[in-house]
Structures are given as C-alpha cells and as structure tokens.
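**Q** Below: one structure in structure tokens.
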Amino acid sequence: MKGPLPPEEFALKETSPAIAGAGVPGDKLTCTYDLVEQMQYLYVRVVKAKDLPGKDVSGTCDPYVEVKLGNYKGTTRHFEKKTNPEWNQVFAFSKDRIQASIVEVVVKDKDFVKDDFMGRVIFDFNEVPKRVPPDSPLAPQWYRLEDRKGDKTKAELMLAVWMGTQADEAFPDAWHSDAASVSGDAVTNIRSKVYLSPKLWYVRVNVIEAQDLIPSDKGRFPEVYVKAMLGNQISRTRVSQSKTLSPMWNEDLLFVAAEPFEEPLVLSVEDRVGPGKDEGLGRCVIPLQNVQRRLDHKPVNTRWYNIERHVIIDGEQKKEIKFASRIHLRICLDGGYHVFDESTHYSSDLKPTAKPLWKPSIGILELGILSAHNLMPMKTKDGRGTTDAYCVAKYGQKWVRTRTIIDSFNPKWNEQYTWEVFDPCTVVTIGVFDNCHLHGNGGVKDSRIGKVRVRLSTLEADRVYTHSYPLLVLHPSGVKKMGEVQLAVRFTCSSWINMLHMYSQPLLPKMHYIHPLSVIQLDSLRHQATQIVSMRLGRAEPPLRREVVEYMLDVDSHMWSMRRSKANFFRIMNVLSGIIAVSRLFDQICHWKNPITTVLIHVLFIILVLYPEMILPTIFLYLFLIGIWHYRRRPRYPPHMDTRLSHADVAHPDELDEEFDTFPTTRGSDIVRMRYDRLRSIAGRIQTVAGDLATQGERFRSLLSWRDPRATALFITFCLVAAIVLYVTPFKVVALLCGLYVLRHPRLRRKLPSAPVNFFRRLPARTDSLL
C-alpha cells in the first residue's frame with residue numbers, strides 16, 4: 001500500500017543538465033568530466049621574472065605581478081629586494097563573467113606610498129590558445145615587458161596563458177576570480193580537496209593474569225583490577241575474584257586505534273583499597289607498532305610484560321628498580337573486522353581492516369556535483385543574508401570537498417569524483433555546508449544546509465542519474481527545505497560475475513560471525529572511531545571540521561526520538577498491511593463475497609490436493625510472474641529523504657523539543673532529569689529494534705519491487721529455475737532432502753550465514769529515505 005505523495009517542494013526532480021555522460025553532445029574536453037557541465041576558464045600561470053629594473057635607492061625592487069581582466073584583478077605575493085623573483089602562481093578567470101577583450105599582466109614594485117609600474121604584457125583574449133586534456137600542460141614562455149608607451153624593456157616575464165575547463169590540473173590550487181574577496185590564509189579554506197580516513201584497527205587486549213604483586217598494605221589481600229588506556233579511551237576489567245598476589249581475569253578489552261599509531265597502550269594494575277580510593281601497583285607501556293596483527297580467528301601468542309612502579313621523590317617521578325611483578329597478556333591488532341565509523345544502515349564501506357582480506361572491486365562509482373539552487377541565507381554580512389556553500393561527499397575511506405562558492409544562493413561547482421566499489425550494498429553520502437571560516441571566525445561552526453544519501457544497489461549499472469535532491473534539515477520548529485542540490489550519479493560495473501556473487505556473501509567480514517561483538521561493544525567502539533576520524537581529518541589543511549564529519553557519519557542517529565519511533569512503527573504497519581489485505585481477501589473468499597472468485601479458488605484447491613507436486617512450482621511461478629509484472633513499474637529514480645515516511649512534517653513541537661534536547665537533559669529538576677534520561681536510553685533501544693523489524697519486512701517487499709534491479713533479477717531467475725526443477729523432481733524427494741538439510745548434524749553446519757540469508761540481508765530497505 002503506497003502512502004500519499006510528498007509535497008512538491010520536498011519531492012525529487014529529474015533534471016537534464018548539459019553533460020556528455022547523459023548523451024548531450026560535447027567536445028573532447030568532456031571526455032574526462034562527462035558527468036558535469038563544462039565551465040570555461042582563462043588560466044594565467046605567472047612563473048618568474050628576470051632582469052627587473054631597480055626602483056629603490058639600493059638598486060633593487062620589491063616586485064609582484066597583477067593580472068587584470070576587466071573588473072577582476074589577481075595579485076601574486078611580493079618579494080623584497082629581489083630582481084629575479086619566482087612566483088609560480090596560477091590565476092583562473094571564469095569565462096561567463098569576462099567582459100574584457102584583453103588580458104593585462106603588470107609587474108609592479110611595492111612601495112609605501114604608491115606602487116611603481118615596472119612593465120606589462122598584454123594578450124588578446126580571442127588569441128588565447130585552448131588546451132585539450134589529456135595534453136601535457138602548456139609550456140610557459142619568456143615575454144619582454146613593455147613600458148606605458150608600448151616600447152620593449154630588458155626585463156622579461158615567464159608566463160603561460162590558455163583556455164581550459166575545471167578538468168585542468170591547475171584548477172584546484174588556482175586563484176579564482178569568483179573568490180576575489182577572499183584573501184590571506186582563508187584562501188586555503190575555499191579550495192577543493194580529497195581526504196582519506198585513517199586506517200582503523202580494533203585493538204584486542206586479553207588480560208589473563210598477574211604475578212607477584214606488591215601491595216602497600218601487606219596485611220590484606222588486594223582487590224585488583226586492570227585499567228587500560230589508549231589515548232582518551234579507558235577500559236577496566238572486573239575486580240579479580242582470586243584474593244591472592246597472583247590474580248587472574250582472562251578478560252578481553254577492545255579499543256580503536258588509527259594508523260600511524262601515535263599513542264601507546266598503557267596498562268596499570270590498581271588495588272581498590274576503599275570506596276572511591278584506588279592505589280596503583282604498577283603499569284606497563286606497550287607501543288602499538290610492536291603489537292602482532294592477526295587476520296583470522298586463530299589466537300596469537302601470549303606474552304609476559306614487566307610491571308614498572310613509579311614513585312615520586314623530591315617532586316620528580318622516578319622508576320622503582322626493585323620490582324619483579326609481571327602481567328600476562330595476549331594483545332593483537334584484529335584486522336579481520338570492519339571498524340564501524342558510520343551507522344550500520346548507511347555504511348559506505350564493509351571491508352575488513354587488513355588489505356590482504358579485501359576482495360576485488362566490482363565497479364566504479366562516479367559522482368558529479370553540479371550545482372545547488374535556491375539556498376537559504378545562512379548568515380548575515382554587511383546587513384544582508386549570504387551563503388558560502390561547499391559540498392562534502394563520503395564513500396569508503398575517501399572524502400571529497402568541493403571548492404567554496406562565495407556569496408551565492410545558486411552556486412555551481414561542476415566537480416566530478418570517482419570511487420572504487422567493492423560492495424554494491426553500500427551508500428554514498430553528500431552533504432552541503434556553509435563555510436563560516438572565511439574571515440577568521442575561529443569559534444564558529446560550519447552550518448548544515450542538508451545532505452543526500454544514495455544506495456548503490458538501487459542504481460542500474462551504466463546509467464547516468466541526473467536529479468535535483470531537496471536539502472531537508474530538521475529544526476526545533478519543524479522540517480525545513482534549505483534548497484536543492486543537483487547531482488549526476490553513475491555506477492559502472494566492471495565484473496558482473498563478481499557483483500552477482502557478492503549477493504551470496506556475508507555482508508560483514510567473517511570475524512563478525514566467528515567471534516561476534518555485542519551491540520554495546522559496537523556502539524562504544526563506533527563512538528571512539530568517529531572521534532578519531534573527526535580529529536584526524538580536522539588536522540588536515542584545509543581541515544574537514546568536526547561538525548562536518550559528525551553530521552556526515554550520523555553520530556547522533558542512536559539518540560531517542562519520538563518522531564523516529566512513530567516512523568518505525570508505521571513502517572512496520574505498512575509491511576503488515578500486505579498480510580492484513582491477504583487475510584481480508586481470504587475472509588471474503590470464505591464468505592462468498594465474489595462467487596466466481598470463490599469457485600475458482602475451490603477448483604484450484606482441488607487440483608492442488610489431487611496433484612500436490614504442483615504446489616511449489618505454482619508458487620514460484622506466481623512469484624516470477626509478479627516480478628515480471630512489477631518490472632514495468634519499477635522505480636526509475638534513486639530513493640531520497642521522505643518527510644512523510646520520517647513523520648517530520650507532522651511532528652509535534654514538544655516531540656521536536658525532546659528530540660533536540662541535550663543528553664543528559666536540561667529540562668526540569670534532578671529527579672526528572674534522571675528518569676528522563678533513563679527513559680530515553682531504553683526507548684532508543686526499542687526504537688532501534690522497531691526499525692530493524694521494519695527493515696526486515698521491507699526487504700521482503702523489495703524482492704520483487706526492482707528497487708535493487710540485480711537482486712530482483714537474481715530472485716526471479718531463481719524462482720523460474722526452482723519452478724522448473726521442482727516440477728521435474730518428485731515432491732517426496734524434495735521434502736525428504738529439505739527435512740534432512742534442516743535436521744543435519746552440527747558438524748555439517750557452518751558458523752557463517754547461508755547464501756539465502758546473505759542475499760536477504762543485502763536487499764534494500766527504506767532506511768535510506770529516513771531523516
């Protein structure tokens with residue numbers, strides 16, 4: 001049963017941009033960037049100068065270069081007292097805004113009162129050559145400078161001038177006429193960049209036992225536990241039940257670490273001498289570079305580590321020499337797991353950490369970030385609203401950030417990026433943000449404008465999807481449309497066999513099934529992983545800031561929300577509506593509401609009773625025919641944020657106030673706060689379970705919906721083959737084999753899930769459309 005269509009302003013819109021990948025004719029410049037529109041630029045590379053005349057008393061000069069094209073003017077940095085300077089700077093002028101016919105490159109001497117003219121080179125705009133990728137860069141040439149009268153001087157300037165597009169390799173680091181108002185260090189904050197997430201490992205510490213502990217109070221047996229620290233991550237074992245000086249634990253502690261390893265693992269043995277009072281019995285420091293890496297479930301070798309005791313003498317910390325205590329540990333870097341830093345519903349990467357365990361790629365994802373339309377003003381400048389927008393896209397370990405378009409509600413980026421795809425059942429996330437760091441606002445966070453998720457399994461291979469996605473953000477006052485972003489997406493399959501084979505493989509690496517982690521462990525480790533990723537990316541230049549990373553990774557997706565709980569409940573009801581409809585139809589048949597239908601059902605029932613071998617072939621053939629019938633009504637566009645499905649358009653203000661409340665709450669007294677937090681924590685678990693139940697039901701419905709065309713094609717093909725095989729095979733044989741398979745001996749079972757289970761878990765659900 002389909003719900004009412006969303007309002008027009010919240011709907012997905014198909015677009016027809018002028019891109020070569022969508023069949024629009026173009027020249028050779030579009031061969032590399034065929035998912036974005038061409039943007040013509042005039043490039044001027046200022047390399048160096050020589051034999052500049054001295055303008056100062058000392059016979060030297062402080063030269064810099066000014067590149068002028070109409071009302072736009074770009075300036076290089078200046079050098080002090082140098083007649084042979086080297087700049088090697090590139091200037092890019094958008095052809096759409098060029099109104100002049102000449103390009104003037106002027107060399108000036110910087111002075112306190114007025115900069116002195118030293119010479120210039122003039123180019124006719126119509127005579128500038130066009131560079132066609134993948135040609136090598138245009139070689140710069142020496143040009144004699146002219147004075148104001150047009151006479152040649154002895155000074156020379158090395159330049160290269162050409163027409164190109166955003167596909168030019170000089171584009172990312174060039175000075176842009178569109179951002180002429182940005183200067184200084186802020187220029188680095190507007191450039192497009194590619195980032196890589198750090199390689200994350202699970203660190204497993206198996207604390208086995210300790211020997212020959214020396215407590216300060218010899219008259220009592222210590223109550224000992226081990227505290228392990230890795231950076232800001234702290235974990236503790238339980239207090240040992242063996243009241244001896246050689247306690248035992250045999251307990252696993254898990255941490256997240258990122259390469260390159262910067263923090264050592266520190267283990268301290270603590271004695272609980274009283275309530276809230278612990279005494280350190282010693283510690284050991286273990287560099288992670290020396291820790292063994294394992295790729296499977298086989299245990300690594302154990303090792304004894306000496307425990308060092310530190311005492312403070314005269315205000316200085318010194319190591320105590322006479323100390324013979326040891327601790328028995330088994331430490332390893334688990335490379336067989338996938339370290340989650342994203343929500344499991346929106347994961348863009350499911351590969352294990354260890355690269356030798358990776359399977360070959362199955363295709364290429366290409367994303368063209370074209371433009372945005374009708375963005376809302378995000379801040380105020382000079383008394384008017386303005387927006388400096390940029391996009392961030394995340395898939396796998398690769399993050400991309402477009403350049404910032406200054407002061408525009410309709411920015412055009414036209415940037416294209418590519419990712420390797422290892423699993424089709426993954427999601428690419430695109431977010432739009434407002435850059436708030438162009439004028440030295442260090443404490444201000446970049447504002448969210450909205451984000452889009454696209455699940456690759458819902459895309460047909462080798463087809464270009466060009467759509468305008470609504471940018472929806474939930475505010476305490478309700479859902480708000482912040483604008484639209486126009487994207488072009490193409491998934492190209494390099495190996496159909498490998499891709500179809502993936503549908504029978506486990507969704508996660510084998511270690512997640514052989515030695516599974518608990519839900520609490522996964523939540524805690526994911527929190528640590530997101531903190532590490534946001535910290536590392538925040539140290540890049542320009543930084544990908546914490547608020548951006550956390551928004552893209554859905555850090556707060558597990559928090560309690562009455563709105564989401566209602567949405568998940570109605571998702572369950574929508575799934576159950578099919579069963580309810582069948583039961584009503586069966587009731588109508590039993591009550592002869594339609595006599596002809598009832599007679600036909602009686603005839604069919606008698607036939608199936610007389611010929612039971614027709615039951616299963618009929619069912620599979622019926623499913624096959626339903627799948628073929630639904631093919632012509634299959635979805636033609638990717639899923640998007642659905643406000644009705646998310647119950648964002650009808651949420652009560654009090655529910656939104658609760659959703660945006662901090663954790664712990666700031667509403668009410670201490671008792672109310674405690675009860676309120678406990679209720680939200682429990683309700684968050686219930687919400688997750690309800691969402692999982694809805695996901696399973698929606699996966700059943702997606703078997704024949706063609707939402708994932710490859711999965712549906714596989715399923716209906718299986719139905720057809722199964723119908724034929726079961727037709728020619730005696731029913732008793734099939735029943736016997738099925739019974740024996742279900743009742744097979746445990747030795748014949750595997751811990752890994754079966755191929756049908758793996759196939760089912762890869763089917764898409766409507767989680768991608770939830771806010």
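Letters A, B, ... go to the chains of the structure tokens in the order shown; residues in each chain start at 1; ligands are counted from 1 in the same order.
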Could I get the residues of region 359-473 of chain A with an atom no further than 9 Å from an atom of region 477-499 of chain A, each paired with its nearest atom pair and that distance in Å to one decimal, using only C-alpha atoms, sorted by chain and residue number, as JSON lines?

**A**
{"residue": "A:Pro360", "atom": "CA", "partner": "A:Asn498", "partner_atom": "CA", "distance": 8.1}
{"residue": "A:Ser361", "atom": "CA", "partner": "A:Ser494", "partner_atom": "CA", "distance": 8.0}
{"residue": "A:Ile362", "atom": "CA", "partner": "A:Ser495", "partner_atom": "CA", "distance": 5.4}
{"residue": "A:Gly363", "atom": "CA", "partner": "A:Cys493", "partner_atom": "CA", "distance": 4.2}
{"residue": "A:Ile364", "atom": "CA", "partner": "A:Thr492", "partner_atom": "CA", "distance": 5.1}
{"residue": "A:Leu365", "atom": "CA", "partner": "A:Phe491", "partner_atom": "CA", "distance": 4.7}
{"residue": "A:Glu366", "atom": "CA", "partner": "A:Arg490", "partner_atom": "CA", "distance": 5.2}
{"residue": "A:Leu367", "atom": "CA", "partner": "A:Val489", "partner_atom": "CA", "distance": 4.8}
{"residue": "A:Gly368", "atom": "CA", "partner": "A:Ala488", "partner_atom": "CA", "distance": 4.8}
{"residue": "A:Ile369", "atom": "CA", "partner": "A:Leu487", "partner_atom": "CA", "distance": 5.0}
{"residue": "A:Leu370", "atom": "CA", "partner": "A:Gln486", "partner_atom": "CA", "distance": 5.6}
{"residue": "A:Ser371", "atom": "CA", "partner": "A:Gln486", "partner_atom": "CA", "distance": 5.3}
{"residue": "A:Ala372", "atom": "CA", "partner": "A:Val485", "partner_atom": "CA", "distance": 4.2}
{"residue": "A:His373", "atom": "CA", "partner": "A:Glu484", "partner_atom": "CA", "distance": 5.2}
{"residue": "A:Asn374", "atom": "CA", "partner": "A:Gly483", "partner_atom": "CA", "distance": 5.0}
{"residue": "A:Leu375", "atom": "CA", "partner": "A:Gly483", "partner_atom": "CA", "distance": 4.3}
{"residue": "A:Met376", "atom": "CA", "partner": "A:Met482", "partner_atom": "CA", "distance": 5.4}
{"residue": "A:Pro377", "atom": "CA", "partner": "A:Met482", "partner_atom": "CA", "distance": 8.8}
{"residue": "A:Phe409", "atom": "CA", "partner": "A:Gly483", "partner_atom": "CA", "distance": 8.7}
{"residue": "A:Gln416", "atom": "CA", "partner": "A:Ala488", "partner_atom": "CA", "distance": 8.9}
{"residue": "A:Val421", "atom": "CA", "partner": "A:Phe491", "partner_atom": "CA", "distance": 8.7}
{"residue": "A:Phe422", "atom": "CA", "partner": "A:Met499", "partner_atom": "CA", "distance": 8.5}
{"residue": "A:Asp423", "atom": "CA", "partner": "A:Met499", "partner_atom": "CA", "distance": 7.5}
{"residue": "A:Pro424", "atom": "CA", "partner": "A:Met499", "partner_atom": "CA", "distance": 7.3}
{"residue": "A:Val432", "atom": "CA", "partner": "A:Val485", "partner_atom": "CA", "distance": 8.1}
{"residue": "A:Ile449", "atom": "CA", "partner": "A:Met482", "partner_atom": "CA", "distance": 5.9}
{"residue": "A:Gly450", "atom": "CA", "partner": "A:Met482", "partner_atom": "CA", "distance": 6.9}
{"residue": "A:Lys451", "atom": "CA", "partner": "A:Val485", "partner_atom": "CA", "distance": 8.9}
{"residue": "A:Val452", "atom": "CA", "partner": "A:Val485", "partner_atom": "CA", "distance": 8.7}
{"residue": "A:Val454", "atom": "CA", "partner": "A:Val489", "partner_atom": "CA", "distance": 8.9}
{"residue": "A:Leu456", "atom": "CA", "partner": "A:Phe491", "partner_atom": "CA", "distance": 7.2}
{"residue": "A:Leu459", "atom": "CA", "partner": "A:Phe491", "partner_atom": "CA", "distance": 6.9}
{"residue": "A:Glu460", "atom": "CA", "partner": "A:Phe491", "partner_atom": "CA", "distance": 7.2}
{"residue": "A:Ala461", "atom": "CA", "partner": "A:Phe491", "partner_atom": "CA", "distance": 5.3}
{"residue": "A:Asp462", "atom": "CA", "partner": "A:Thr492", "partner_atom": "CA", "distance": 4.8}
{"residue": "A:Arg463", "atom": "CA", "partner": "A:Arg490", "partner_atom": "CA", "distance": 5.8}
{"residue": "A:Val464", "atom": "CA", "partner": "A:Arg490", "partner_atom": "CA", "distance": 4.7}
{"residue": "A:Tyr465", "atom": "CA", "partner": "A:Val489", "partner_atom": "CA", "distance": 5.1}
{"residue": "A:Thr466", "atom": "CA", "partner": "A:Ala488", "partner_atom": "CA", "distance": 4.4}
{"residue": "A:His467", "atom": "CA", "partner": "A:Leu487", "partner_atom": "CA", "distance": 5.8}
{"residue": "A:Ser468", "atom": "CA", "partner": "A:Gln486", "partner_atom": "CA", "distance": 4.2}
{"residue": "A:Tyr469", "atom": "CA", "partner": "A:Val485", "partner_atom": "CA", "distance": 5.3}
{"residue": "A:Pro470", "atom": "CA", "partner": "A:Glu484", "partner_atom": "CA", "distance": 4.5}
{"residue": "A:Leu471", "atom": "CA", "partner": "A:Glu484", "partner_atom": "CA", "distance": 5.3}
{"residue": "A:Leu472", "atom": "CA", "partner": "A:Lys481", "partner_atom": "CA", "distance": 4.7}
{"residue": "A:Val473", "atom": "CA", "partner": "A:Lys480", "partner_atom": "CA", "distance": 5.5}

**Q** As a list in words, please: the residues near Lys130 (chain A) (cut-off 8 Å, only C-alpha atoms, same-chain neighbours under 2 positions excluded).

**A**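 Result of the neighbour search: Val128, Val132, Trp162, Met163 and Gly164 of chain A.
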
**Q** Could you pull the residues within 10 Å of Ala186 (chain A), counting only C-alpha atoms, minus those fewer than 3 positions along the same chain, as a VMD selection string?

**A** chain A and resid 182 to 183 189 to 191 437 to 440 542

**Q** Can those selected residues be exported to a file as a tab-separated table (two decimals), in the first residue's frame so that it contains N, CA and C atoms?

**A**
chain	number	residue	atom	x	y	z
A	182	VAL	N	38.18	36.90	-1.05
A	182	VAL	CA	38.85	36.13	-0.01
A	182	VAL	C	40.35	36.29	-0.17
A	183	SER	N	41.03	36.57	0.92
A	183	SER	CA	42.47	36.79	0.85
A	183	SER	C	43.13	36.17	2.06
A	189	ASN	N	40.90	27.65	2.80
A	189	ASN	CA	39.64	27.10	3.28
A	189	ASN	C	38.56	27.01	2.20
A	190	ILE	N	38.84	27.52	1.01
A	190	ILE	CA	37.81	27.51	-0.04
A	190	ILE	C	38.17	26.56	-1.16
A	191	ARG	N	39.33	25.92	-1.12
A	191	ARG	CA	39.77	25.06	-2.22
A	191	ARG	C	39.20	23.66	-2.09
A	437	HIS	N	34.35	30.14	7.89
A	437	HIS	CA	35.74	30.39	8.29
A	437	HIS	C	36.50	31.17	7.22
A	438	LEU	N	35.81	32.09	6.55
A	438	LEU	CA	36.47	32.88	5.50
A	438	LEU	C	37.04	34.18	6.03
A	439	HIS	N	36.62	34.58	7.20
A	439	HIS	CA	37.05	35.88	7.74
A	439	HIS	C	37.57	35.74	9.16
A	440	GLY	N	38.22	34.59	9.44
A	440	GLY	CA	38.87	34.42	10.73
A	440	GLY	C	37.95	34.12	11.88
A	542	PRO	N	43.12	22.20	3.94
A	542	PRO	CA	42.27	22.80	4.96
A	542	PRO	C	41.56	21.72	5.78

**Q** Per DSSP on the backbone, what are the helix (DSSP H, G or I) residues of region 337-424 of chain A, as a VMD selection string?

**A** chain A and resid 344 to 346 355 to 357

**Q** Please compute the CA of Tyr741 (chain A)-CA of Asn758 (chain A) distance, one decimal, in Å.

**A** 18.0 Å

**Q** Would you compute the distance between CA of Leu200 (chain A) and CA of Val339 (chain A)? Give it in Å to one decimal.

**A** 6.3 Å
